[in-house]
Structures are given as structure tokens and as C-alpha cells.
file query-v2.cif (mmCIF, C-alpha atoms and all ligand atoms)
data_model
#
loop_
_atom_site.label_atom_id
_atom_site.label_comp_id
_atom_site.auth_asym_id
_atom_site.auth_seq_id
_atom_site.Cartn_x
_atom_site.Cartn_y
_atom_site.Cartn_z
CA MET A 1 0.00 0.00 0.00
CA LEU A 2 1.28 3.44 -0.90
CA ALA A 3 1.43 6.09 1.79
CA GLU A 4 1.86 9.70 0.80
CA ARG A 5 3.15 12.34 3.13
CA PHE A 6 3.57 16.04 2.50
CA SER A 7 5.48 18.55 4.53
CA ILE A 8 6.97 21.99 4.12
CA ARG A 9 10.13 23.23 5.76
CA VAL A 10 11.58 26.68 6.32
CA SER A 11 15.19 27.15 7.39
CA LYS A 12 16.12 30.70 6.53
CA ASP A 13 19.51 32.18 7.37
CA TYR A 14 17.70 34.99 9.17
CA PHE A 15 15.98 32.56 11.58
CA LEU A 16 18.84 33.37 13.91
CA PHE A 17 18.70 34.17 17.61
CA CYS A 18 21.82 35.13 19.50
CA CYS A 19 21.28 34.33 23.15
CA ALA A 20 23.11 33.76 26.40
CA HIS A 21 22.40 30.74 28.57
CA PHE A 22 23.83 28.07 30.80
CA ILE A 23 22.59 24.64 31.76
CA THR A 24 22.98 22.25 34.63
CA TYR A 25 24.11 18.73 33.83
CA ASN A 26 25.17 15.48 35.48
CA GLY A 27 23.08 16.36 38.48
CA ASP A 28 25.23 18.96 40.17
CA ASP A 29 27.36 20.60 37.49
CA CYS A 30 26.58 23.94 35.95
CA GLU A 31 27.99 25.51 32.82
CA ARG A 32 29.52 28.97 32.78
CA LEU A 33 27.46 31.68 31.19
CA HIS A 34 28.00 31.63 27.43
CA GLY A 35 26.14 32.25 24.21
CA HIS A 36 25.11 30.69 20.92
CA ASN A 37 24.03 31.96 17.55
CA TYR A 38 21.08 29.60 17.37
CA ARG A 39 19.46 28.86 14.03
CA ILE A 40 16.10 27.26 13.60
CA ALA A 41 14.37 25.17 10.96
CA VAL A 42 10.68 24.38 11.11
CA GLU A 43 8.75 21.71 9.28
CA VAL A 44 5.02 21.11 9.28
CA GLY A 45 3.35 18.13 7.72
CA GLY A 46 -0.15 17.01 6.98
CA PRO A 47 -2.72 16.66 4.23
CA LEU A 48 -3.02 19.16 1.39
CA ASP A 49 -5.63 21.85 1.85
CA PRO A 50 -7.96 23.19 -0.89
CA ASN A 51 -5.01 25.28 -2.17
CA GLN A 52 -3.10 22.03 -2.68
CA TYR A 53 -0.51 22.95 -0.13
CA VAL A 54 0.19 21.87 3.44
CA PHE A 55 0.30 25.38 4.79
CA ASP A 56 1.13 28.89 3.60
CA PHE A 57 4.92 29.39 3.49
CA VAL A 58 4.59 33.12 4.09
CA ALA A 59 2.49 32.66 7.20
CA LEU A 60 4.81 29.98 8.55
CA LYS A 61 7.84 32.23 8.01
CA ARG A 62 6.10 35.17 9.64
CA ARG A 63 5.15 33.28 12.79
CA THR A 64 8.57 31.63 13.05
CA GLN A 65 10.28 35.01 12.68
CA SER A 66 8.13 36.59 15.38
CA ILE A 67 9.23 33.95 17.91
CA VAL A 68 12.86 34.24 16.76
CA ASP A 69 12.62 37.99 17.41
CA GLU A 70 11.25 37.40 20.92
CA LEU A 71 14.32 35.34 21.76
CA ASP A 72 17.06 37.23 19.93
CA HIS A 73 19.58 39.11 22.10
CA HIS A 74 18.14 37.86 25.35
CA MET A 75 19.28 35.81 28.30
CA LEU A 76 17.43 32.48 28.23
CA LEU A 77 16.30 31.33 31.66
CA ALA A 78 14.80 27.93 32.45
CA MET A 79 12.13 28.62 35.06
CA GLU A 80 11.52 24.97 35.97
CA ASN A 81 15.01 23.91 36.95
CA PRO A 82 15.05 23.09 40.68
CA LEU A 83 18.85 23.44 40.67
CA LEU A 84 18.67 27.00 39.36
CA PRO A 85 16.09 28.86 41.41
CA VAL A 86 15.14 32.23 39.93
CA ALA A 87 14.00 35.03 42.21
CA GLU A 88 12.80 38.52 41.45
CA GLN A 89 14.80 41.32 43.02
CA GLY A 90 13.43 44.67 41.97
CA ASP A 91 13.86 44.92 38.21
CA ASN A 92 16.26 42.00 38.14
CA LEU A 93 16.10 38.23 38.12
CA VAL A 94 18.60 36.54 40.38
CA VAL A 95 19.67 32.98 39.66
CA LYS A 96 21.58 30.88 42.16
CA PHE A 97 23.59 27.72 41.88
CA GLY A 98 25.47 26.71 45.00
CA THR A 99 27.71 29.65 45.85
CA LYS A 100 27.31 31.19 42.39
CA MET A 101 24.85 33.96 41.71
CA TRP A 102 23.86 35.82 38.55
CA SER A 103 21.67 38.88 38.33
CA PHE A 104 20.08 39.94 35.05
CA PRO A 105 17.79 42.83 34.17
CA LYS A 106 14.36 41.25 33.86
CA GLU A 107 13.75 42.97 30.53
CA ASP A 108 16.88 41.32 29.11
CA CYS A 109 15.62 37.81 29.93
CA VAL A 110 13.20 35.40 28.33
CA GLN A 111 11.65 33.24 31.02
CA LEU A 112 10.97 29.81 29.58
CA ALA A 113 8.74 27.23 31.26
CA ILE A 114 11.28 24.44 30.74
CA ALA A 115 13.58 22.43 33.01
CA ASN A 116 16.85 23.35 31.31
CA THR A 117 17.86 25.45 28.32
CA THR A 118 19.28 22.47 26.45
CA THR A 119 18.99 22.68 22.68
CA GLU A 120 16.53 19.78 22.83
CA LEU A 121 14.17 21.57 25.19
CA LEU A 122 14.52 24.83 23.27
CA ALA A 123 13.36 22.95 20.17
CA LYS A 124 10.39 21.53 22.10
CA TRP A 125 9.53 24.93 23.56
CA PHE A 126 9.69 26.52 20.11
CA ALA A 127 7.41 23.84 18.64
CA GLY A 128 4.84 24.42 21.36
CA ARG A 129 5.00 28.17 21.02
CA LEU A 130 4.73 28.01 17.23
CA THR A 131 1.78 25.60 17.37
CA THR A 132 -0.03 27.99 19.71
CA GLU A 133 0.66 30.89 17.33
CA LEU A 134 -0.53 28.97 14.27
CA GLU A 135 -3.71 27.95 16.08
CA LYS A 136 -4.35 31.46 17.36
CA GLN A 137 -3.54 33.35 14.15
CA TYR A 138 -4.78 30.90 11.51
CA GLY A 139 -6.83 28.24 13.29
CA TYR A 140 -4.31 25.72 12.00
CA THR A 141 -2.97 22.79 14.02
CA PRO A 142 -0.19 20.96 12.15
CA LYS A 143 -0.55 17.19 12.11
CA VAL A 144 3.23 16.89 12.25
CA MET A 145 5.68 19.46 13.49
CA ARG A 146 9.44 19.20 13.55
CA VAL A 147 11.71 21.87 14.91
CA GLU A 148 15.47 21.73 14.56
CA VAL A 149 17.62 24.06 16.63
CA GLU A 150 21.25 24.40 15.64
CA GLU A 151 23.43 25.71 18.45
CA ALA A 152 26.65 25.58 16.43
CA THR A 153 27.46 24.70 12.85
CA GLY A 154 26.76 21.02 12.29
CA GLN A 155 25.39 20.56 15.82
CA SER A 156 21.65 20.55 16.35
CA ALA A 157 18.74 18.99 18.21
CA THR A 158 15.37 18.11 16.75
CA TYR A 159 11.97 17.81 18.37
CA ALA A 160 9.08 16.23 16.50
CA ILE A 161 5.47 15.70 17.42
CA THR A 162 2.63 14.00 15.55
CA ARG A 163 -0.98 14.67 16.44
ZN ZN B 1 25.35 26.40 25.42
#

call {"tool": "encode", "arguments": {"input": "query-v2.cif", "output": "C-alpha cells"}}
result
Amino acid sequence: MLAERFSIRVSKDYFLFCCAHFITYNGDDCERLHGHNYRIAVEVGGPLDPNQYVFDFVALKRRTQSIVDELDHHMLLAMENPLLPVAEQGDNLVVKFGTKMWSFPKEDCVQLAIANTTTELLAKWFAGRLTTELEKQYGYTPKVMRVEVEEATGQSATYAITR
């Protein structure tokens, strides 16, 4: 039996977000603050619509770009990491790890409801955020969504979900 599948993918050079972050790993280790020039590629799959396409490329690029812009030039903070508690202190967010402490202007941070800012979880977060945007703006829920986040050339993580 033949099975057809259609998908569209956007991976523009300008889907770039330059962000600072650090993660915890191996239980009780924590990276030093550093940054990446993250790039993102997004794929949605599903049946063809009456236009004979999966989804409008322009709309997909627009929504992807808007989320990229939200992240670009910000400090990425994982708000659900029990090893990195985040507390508000005036206009700042203070993050602690053991004897280390970082303080960032709140407006310079993006607070993400994830357990760690690994590339994998950033890809998952992006997919969730993009799905919400597509549903809200266009009433469209992709049957398949794949998001690839590249944190360095030739080094990426992919999250995929099928509904
Ligand atoms: Zn990193």
C-alpha cells in the first residue's frame, strides 16, 4: 500500500537568535554563562488543503520570525530547573547555583517554562509556542511538526510531534 506524506520546511539564514544561557548537567554541574548563535528550521506536515498545499509558506515564516525575534539578544532562563532557582529582586532576576549567583535585568531575559535550556528543550519549547501561534492566528494545528535548533554549525537537536 502506498502512503503519501507532505510537509513543508523553512530554514532561513535569518531565523537566527543570539542568546546567552547556561545549563545544569550530570546532576550537580553547571555551565559557565555563554552564548550561541542559534538557528532554527521548522517543518510542518499534513494533508493538502484546498489550495493544494500543506500550509502557507509566508504565514509559517512570519510566525517563526516573530518567535525568533522574541528570543534574539536575550538571556534564556529555564524557570523549571530546581537546581537554578530564579527570584525577582526589583527589576532584576537573580539565579543561584550553590555559591554562584547571577543577576540579570528582567527585561533582558526570556523566562521559559522548561527544566533546562538544552537545545533539545529549546526545540520543544519553540514547537509548542509556534503551534499555539498557528492555532491562534490561523486556526491551523499541524498534524506533524518538527523543529530543529542548531546551536553551532553542524550541531543541532530536533523535536518532533505528531498529532
Ligand atoms: Zn550552550

call {"tool": "residues_around", "arguments": {"input": "query-v2.cif", "residues": "Leu48 of chain A", "least_positions_apart": "5", "cutoff": "10 Å", "atoms": "all atoms listed in the file", "output": "PyMOL selection string"}}
result
chain A and resi 5-7+53-55

call {"tool": "closest_atom_pairs", "arguments": {"input": "query-v2.cif", "of": "chain A", "to": "ligand ZN 1 (chain B)", "cutoff": "12 Å", "atoms": "all atoms listed in the file", "output": "tab-separated table"}}
result
residue	atom	partner	partner_atom	distance
A:Cys18	CA	B:ZN1	ZN	11.1
A:Cys19	CA	B:ZN1	ZN	9.2
A:Ala20	CA	B:ZN1	ZN	7.8
A:His21	CA	B:ZN1	ZN	6.1
A:Phe22	CA	B:ZN1	ZN	5.8
A:Ile23	CA	B:ZN1	ZN	7.1
A:Thr24	CA	B:ZN1	ZN	10.4
A:Tyr25	CA	B:ZN1	ZN	11.4
A:Cys30	CA	B:ZN1	ZN	10.9
A:Glu31	CA	B:ZN1	ZN	7.9
A:Arg32	CA	B:ZN1	ZN	8.8
A:Leu33	CA	B:ZN1	ZN	8.1
A:His34	CA	B:ZN1	ZN	6.2
A:Gly35	CA	B:ZN1	ZN	6.0
A:His36	CA	B:ZN1	ZN	6.2
A:Asn37	CA	B:ZN1	ZN	9.7
A:Tyr38	CA	B:ZN1	ZN	9.7
A:Met75	CA	B:ZN1	ZN	11.6
A:Leu76	CA	B:ZN1	ZN	10.4
A:Asn116	CA	B:ZN1	ZN	10.8
A:Thr117	CA	B:ZN1	ZN	8.1
A:Thr118	CA	B:ZN1	ZN	7.3
A:Thr119	CA	B:ZN1	ZN	7.9
A:Glu120	CA	B:ZN1	ZN	11.3
A:Leu122	CA	B:ZN1	ZN	11.2
A:Val149	CA	B:ZN1	ZN	11.9
A:Glu150	CA	B:ZN1	ZN	10.8
A:Glu151	CA	B:ZN1	ZN	7.3
A:Ala152	CA	B:ZN1	ZN	9.1
A:Gln155	CA	B:ZN1	ZN	11.2
A:Ser156	CA	B:ZN1	ZN	11.4

call {"tool": "closest_residue", "arguments": {"input": "query-v2.cif", "among": "A:Gly98, A:Ser103, A:Glu80, A:Arg63", "to": "Lys136 of chain A", "atoms": "all atoms listed in the file"}}
result
A:Arg63

call {"tool": "closest_residue", "arguments": {"input": "query-v2.cif", "among": "A:Pro47, A:Ser66, A:Gln52, A:Leu60", "to": "Phe17 of chain A", "atoms": "all atoms listed in the file"}}
result
A:Ser66

call {"tool": "atom_distance", "arguments": {"input": "query-v2.cif", "atom1": "atom CA of Gly45 of chain A", "atom2": "atom CA of Ala115 of chain A"}}
result
27.6 Å

call {"tool": "atom_distance", "arguments": {"input": "query-v2.cif", "atom1": "atom CA of Val68 of chain A", "atom2": "atom CA of Tyr14 of chain A"}}
result
9.0 Å

call {"tool": "residues_around", "arguments": {"input": "query-v2.cif", "residues": "Gln111 of chain A", "least_positions_apart": "5", "cutoff": "8 Å", "atoms": "only C-alpha atoms", "output": "list in words"}}
result
Leu76, Leu77, Ala78 and Met79 of chain A

call {"tool": "closest_residue", "arguments": {"input": "query-v2.cif", "among": "A:Glu70, A:Asp29, A:Asp56, A:Asp13", "to": "Ala41 of chain A", "atoms": "all atoms listed in the file"}}
result
A:Asp13

call {"tool": "closest_residue", "arguments": {"input": "query-v2.cif", "among": "A:Val10, A:Leu71, A:Val42, A:Val86", "to": "Val144 of chain A", "atoms": "all atoms listed in the file"}}
result
A:Val42

call {"tool": "closest_residue", "arguments": {"input": "query-v2.cif", "among": "A:Glu133, A:Asp28, A:Glu43, A:Glu4", "to": "Arg146 of chain A", "atoms": "only C-alpha atoms"}}
result
A:Glu43

call {"tool": "closest_residue", "arguments": {"input": "query-v2.cif", "among": "A:Gly139, A:Gly154, A:Gly27, A:Gly128", "to": "Ala59 of chain A", "atoms": "all atoms listed in the file"}}
result
A:Gly139

call {"tool": "decode", "arguments": {"input": "query-v2.cif", "residues": "segment 4-139 of chain A", "atoms": "C-alpha atoms", "output": "PDB file, in the first residue's frame"}}
result
ATOM      1  CA  GLU A   4       1.858   9.701   0.797  1.00  0.00           C
ATOM      2  CA  ARG A   5       3.152  12.336   3.133  1.00  0.00           C
ATOM      3  CA  PHE A   6       3.565  16.042   2.501  1.00  0.00           C
ATOM      4  CA  SER A   7       5.479  18.553   4.526  1.00  0.00           C
ATOM      5  CA  ILE A   8       6.967  21.988   4.119  1.00  0.00           C
ATOM      6  CA  ARG A   9      10.135  23.231   5.759  1.00  0.00           C
ATOM      7  CA  VAL A  10      11.579  26.680   6.322  1.00  0.00           C
ATOM      8  CA  SER A  11      15.188  27.145   7.388  1.00  0.00           C
ATOM      9  CA  LYS A  12      16.123  30.705   6.535  1.00  0.00           C
ATOM     10  CA  ASP A  13      19.512  32.176   7.374  1.00  0.00           C
ATOM     11  CA  TYR A  14      17.699  34.985   9.171  1.00  0.00           C
ATOM     12  CA  PHE A  15      15.984  32.562  11.579  1.00  0.00           C
ATOM     13  CA  LEU A  16      18.840  33.371  13.914  1.00  0.00           C
ATOM     14  CA  PHE A  17      18.703  34.170  17.612  1.00  0.00           C
ATOM     15  CA  CYS A  18      21.822  35.127  19.500  1.00  0.00           C
ATOM     16  CA  CYS A  19      21.281  34.327  23.149  1.00  0.00           C
ATOM     17  CA  ALA A  20      23.111  33.760  26.402  1.00  0.00           C
ATOM     18  CA  HIS A  21      22.396  30.738  28.569  1.00  0.00           C
ATOM     19  CA  PHE A  22      23.834  28.074  30.803  1.00  0.00           C
ATOM     20  CA  ILE A  23      22.590  24.635  31.761  1.00  0.00           C
ATOM     21  CA  THR A  24      22.985  22.245  34.634  1.00  0.00           C
ATOM     22  CA  TYR A  25      24.112  18.730  33.829  1.00  0.00           C
ATOM     23  CA  ASN A  26      25.172  15.481  35.476  1.00  0.00           C
ATOM     24  CA  GLY A  27      23.083  16.364  38.483  1.00  0.00           C
ATOM     25  CA  ASP A  28      25.227  18.956  40.171  1.00  0.00           C
ATOM     26  CA  ASP A  29      27.358  20.601  37.493  1.00  0.00           C
ATOM     27  CA  CYS A  30      26.581  23.936  35.948  1.00  0.00           C
ATOM     28  CA  GLU A  31      27.990  25.511  32.823  1.00  0.00           C
ATOM     29  CA  ARG A  32      29.520  28.968  32.778  1.00  0.00           C
ATOM     30  CA  LEU A  33      27.463  31.678  31.194  1.00  0.00           C
ATOM     31  CA  HIS A  34      27.999  31.632  27.430  1.00  0.00           C
ATOM     32  CA  GLY A  35      26.145  32.247  24.206  1.00  0.00           C
ATOM     33  CA  HIS A  36      25.108  30.692  20.922  1.00  0.00           C
ATOM     34  CA  ASN A  37      24.027  31.959  17.547  1.00  0.00           C
ATOM     35  CA  TYR A  38      21.082  29.595  17.372  1.00  0.00           C
ATOM     36  CA  ARG A  39      19.461  28.861  14.031  1.00  0.00           C
ATOM     37  CA  ILE A  40      16.099  27.260  13.596  1.00  0.00           C
ATOM     38  CA  ALA A  41      14.374  25.169  10.964  1.00  0.00           C
ATOM     39  CA  VAL A  42      10.682  24.384  11.113  1.00  0.00           C
ATOM     40  CA  GLU A  43       8.751  21.711   9.280  1.00  0.00           C
ATOM     41  CA  VAL A  44       5.021  21.114   9.281  1.00  0.00           C
ATOM     42  CA  GLY A  45       3.353  18.130   7.718  1.00  0.00           C
ATOM     43  CA  GLY A  46      -0.146  17.011   6.977  1.00  0.00           C
ATOM     44  CA  PRO A  47      -2.719  16.662   4.232  1.00  0.00           C
ATOM     45  CA  LEU A  48      -3.016  19.158   1.394  1.00  0.00           C
ATOM     46  CA  ASP A  49      -5.632  21.848   1.848  1.00  0.00           C
ATOM     47  CA  PRO A  50      -7.956  23.191  -0.886  1.00  0.00           C
ATOM     48  CA  ASN A  51      -5.007  25.283  -2.175  1.00  0.00           C
ATOM     49  CA  GLN A  52      -3.102  22.030  -2.681  1.00  0.00           C
ATOM     50  CA  TYR A  53      -0.508  22.948  -0.133  1.00  0.00           C
ATOM     51  CA  VAL A  54       0.190  21.874   3.439  1.00  0.00           C
ATOM     52  CA  PHE A  55       0.299  25.385   4.792  1.00  0.00           C
ATOM     53  CA  ASP A  56       1.133  28.890   3.603  1.00  0.00           C
ATOM     54  CA  PHE A  57       4.918  29.392   3.491  1.00  0.00           C
ATOM     55  CA  VAL A  58       4.593  33.121   4.088  1.00  0.00           C
ATOM     56  CA  ALA A  59       2.485  32.661   7.204  1.00  0.00           C
ATOM     57  CA  LEU A  60       4.814  29.978   8.554  1.00  0.00           C
ATOM     58  CA  LYS A  61       7.844  32.226   8.012  1.00  0.00           C
ATOM     59  CA  ARG A  62       6.105  35.174   9.639  1.00  0.00           C
ATOM     60  CA  ARG A  63       5.151  33.282  12.790  1.00  0.00           C
ATOM     61  CA  THR A  64       8.570  31.633  13.046  1.00  0.00           C
ATOM     62  CA  GLN A  65      10.278  35.008  12.678  1.00  0.00           C
ATOM     63  CA  SER A  66       8.134  36.587  15.385  1.00  0.00           C
ATOM     64  CA  ILE A  67       9.226  33.952  17.912  1.00  0.00           C
ATOM     65  CA  VAL A  68      12.856  34.238  16.762  1.00  0.00           C
ATOM     66  CA  ASP A  69      12.616  37.989  17.407  1.00  0.00           C
ATOM     67  CA  GLU A  70      11.249  37.400  20.918  1.00  0.00           C
ATOM     68  CA  LEU A  71      14.324  35.338  21.764  1.00  0.00           C
ATOM     69  CA  ASP A  72      17.058  37.226  19.927  1.00  0.00           C
ATOM     70  CA  HIS A  73      19.576  39.109  22.095  1.00  0.00           C
ATOM     71  CA  HIS A  74      18.143  37.859  25.353  1.00  0.00           C
ATOM     72  CA  MET A  75      19.275  35.805  28.299  1.00  0.00           C
ATOM     73  CA  LEU A  76      17.427  32.482  28.231  1.00  0.00           C
ATOM     74  CA  LEU A  77      16.301  31.326  31.656  1.00  0.00           C
ATOM     75  CA  ALA A  78      14.803  27.929  32.454  1.00  0.00           C
ATOM     76  CA  MET A  79      12.129  28.616  35.062  1.00  0.00           C
ATOM     77  CA  GLU A  80      11.519  24.967  35.970  1.00  0.00           C
ATOM     78  CA  ASN A  81      15.014  23.908  36.951  1.00  0.00           C
ATOM     79  CA  PRO A  82      15.047  23.093  40.678  1.00  0.00           C
ATOM     80  CA  LEU A  83      18.854  23.436  40.669  1.00  0.00           C
ATOM     81  CA  LEU A  84      18.674  27.002  39.361  1.00  0.00           C
ATOM     82  CA  PRO A  85      16.086  28.862  41.406  1.00  0.00           C
ATOM     83  CA  VAL A  86      15.141  32.233  39.927  1.00  0.00           C
ATOM     84  CA  ALA A  87      13.999  35.026  42.210  1.00  0.00           C
ATOM     85  CA  GLU A  88      12.798  38.524  41.448  1.00  0.00           C
ATOM     86  CA  GLN A  89      14.795  41.316  43.019  1.00  0.00           C
ATOM     87  CA  GLY A  90      13.435  44.674  41.966  1.00  0.00           C
ATOM     88  CA  ASP A  91      13.862  44.925  38.213  1.00  0.00           C
ATOM     89  CA  ASN A  92      16.263  42.001  38.143  1.00  0.00           C
ATOM     90  CA  LEU A  93      16.101  38.234  38.121  1.00  0.00           C
ATOM     91  CA  VAL A  94      18.603  36.542  40.378  1.00  0.00           C
ATOM     92  CA  VAL A  95      19.667  32.983  39.658  1.00  0.00           C
ATOM     93  CA  LYS A  96      21.578  30.877  42.163  1.00  0.00           C
ATOM     94  CA  PHE A  97      23.594  27.717  41.878  1.00  0.00           C
ATOM     95  CA  GLY A  98      25.473  26.712  45.003  1.00  0.00           C
ATOM     96  CA  THR A  99      27.714  29.653  45.849  1.00  0.00           C
ATOM     97  CA  LYS A 100      27.315  31.195  42.392  1.00  0.00           C
ATOM     98  CA  MET A 101      24.852  33.962  41.713  1.00  0.00           C
ATOM     99  CA  TRP A 102      23.856  35.820  38.553  1.00  0.00           C
ATOM    100  CA  SER A 103      21.672  38.883  38.326  1.00  0.00           C
ATOM    101  CA  PHE A 104      20.080  39.941  35.052  1.00  0.00           C
ATOM    102  CA  PRO A 105      17.793  42.834  34.171  1.00  0.00           C
ATOM    103  CA  LYS A 106      14.360  41.247  33.858  1.00  0.00           C
ATOM    104  CA  GLU A 107      13.751  42.966  30.530  1.00  0.00           C
ATOM    105  CA  ASP A 108      16.882  41.316  29.106  1.00  0.00           C
ATOM    106  CA  CYS A 109      15.619  37.813  29.926  1.00  0.00           C
ATOM    107  CA  VAL A 110      13.203  35.403  28.332  1.00  0.00           C
ATOM    108  CA  GLN A 111      11.650  33.243  31.019  1.00  0.00           C
ATOM    109  CA  LEU A 112      10.973  29.806  29.578  1.00  0.00           C
ATOM    110  CA  ALA A 113       8.742  27.227  31.259  1.00  0.00           C
ATOM    111  CA  ILE A 114      11.276  24.440  30.741  1.00  0.00           C
ATOM    112  CA  ALA A 115      13.577  22.434  33.012  1.00  0.00           C
ATOM    113  CA  ASN A 116      16.852  23.346  31.315  1.00  0.00           C
ATOM    114  CA  THR A 117      17.860  25.446  28.320  1.00  0.00           C
ATOM    115  CA  THR A 118      19.276  22.473  26.446  1.00  0.00           C
ATOM    116  CA  THR A 119      18.989  22.683  22.679  1.00  0.00           C
ATOM    117  CA  GLU A 120      16.529  19.782  22.831  1.00  0.00           C
ATOM    118  CA  LEU A 121      14.168  21.567  25.189  1.00  0.00           C
ATOM    119  CA  LEU A 122      14.525  24.831  23.272  1.00  0.00           C
ATOM    120  CA  ALA A 123      13.359  22.945  20.172  1.00  0.00           C
ATOM    121  CA  LYS A 124      10.395  21.529  22.104  1.00  0.00           C
ATOM    122  CA  TRP A 125       9.533  24.934  23.556  1.00  0.00           C
ATOM    123  CA  PHE A 126       9.689  26.517  20.105  1.00  0.00           C
ATOM    124  CA  ALA A 127       7.412  23.845  18.637  1.00  0.00           C
ATOM    125  CA  GLY A 128       4.835  24.420  21.364  1.00  0.00           C
ATOM    126  CA  ARG A 129       4.996  28.171  21.021  1.00  0.00           C
ATOM    127  CA  LEU A 130       4.735  28.012  17.228  1.00  0.00           C
ATOM    128  CA  THR A 131       1.783  25.605  17.373  1.00  0.00           C
ATOM    129  CA  THR A 132      -0.026  27.989  19.710  1.00  0.00           C
ATOM    130  CA  GLU A 133       0.657  30.891  17.331  1.00  0.00           C
ATOM    131  CA  LEU A 134      -0.532  28.970  14.269  1.00  0.00           C
ATOM    132  CA  GLU A 135      -3.712  27.951  16.079  1.00  0.00           C
ATOM    133  CA  LYS A 136      -4.351  31.462  17.355  1.00  0.00           C
ATOM    134  CA  GLN A 137      -3.544  33.346  14.152  1.00  0.00           C
ATOM    135  CA  TYR A 138      -4.781  30.901  11.509  1.00  0.00           C
ATOM    136  CA  GLY A 139      -6.831  28.236  13.290  1.00  0.00           C
TER     137      GLY A 139
END
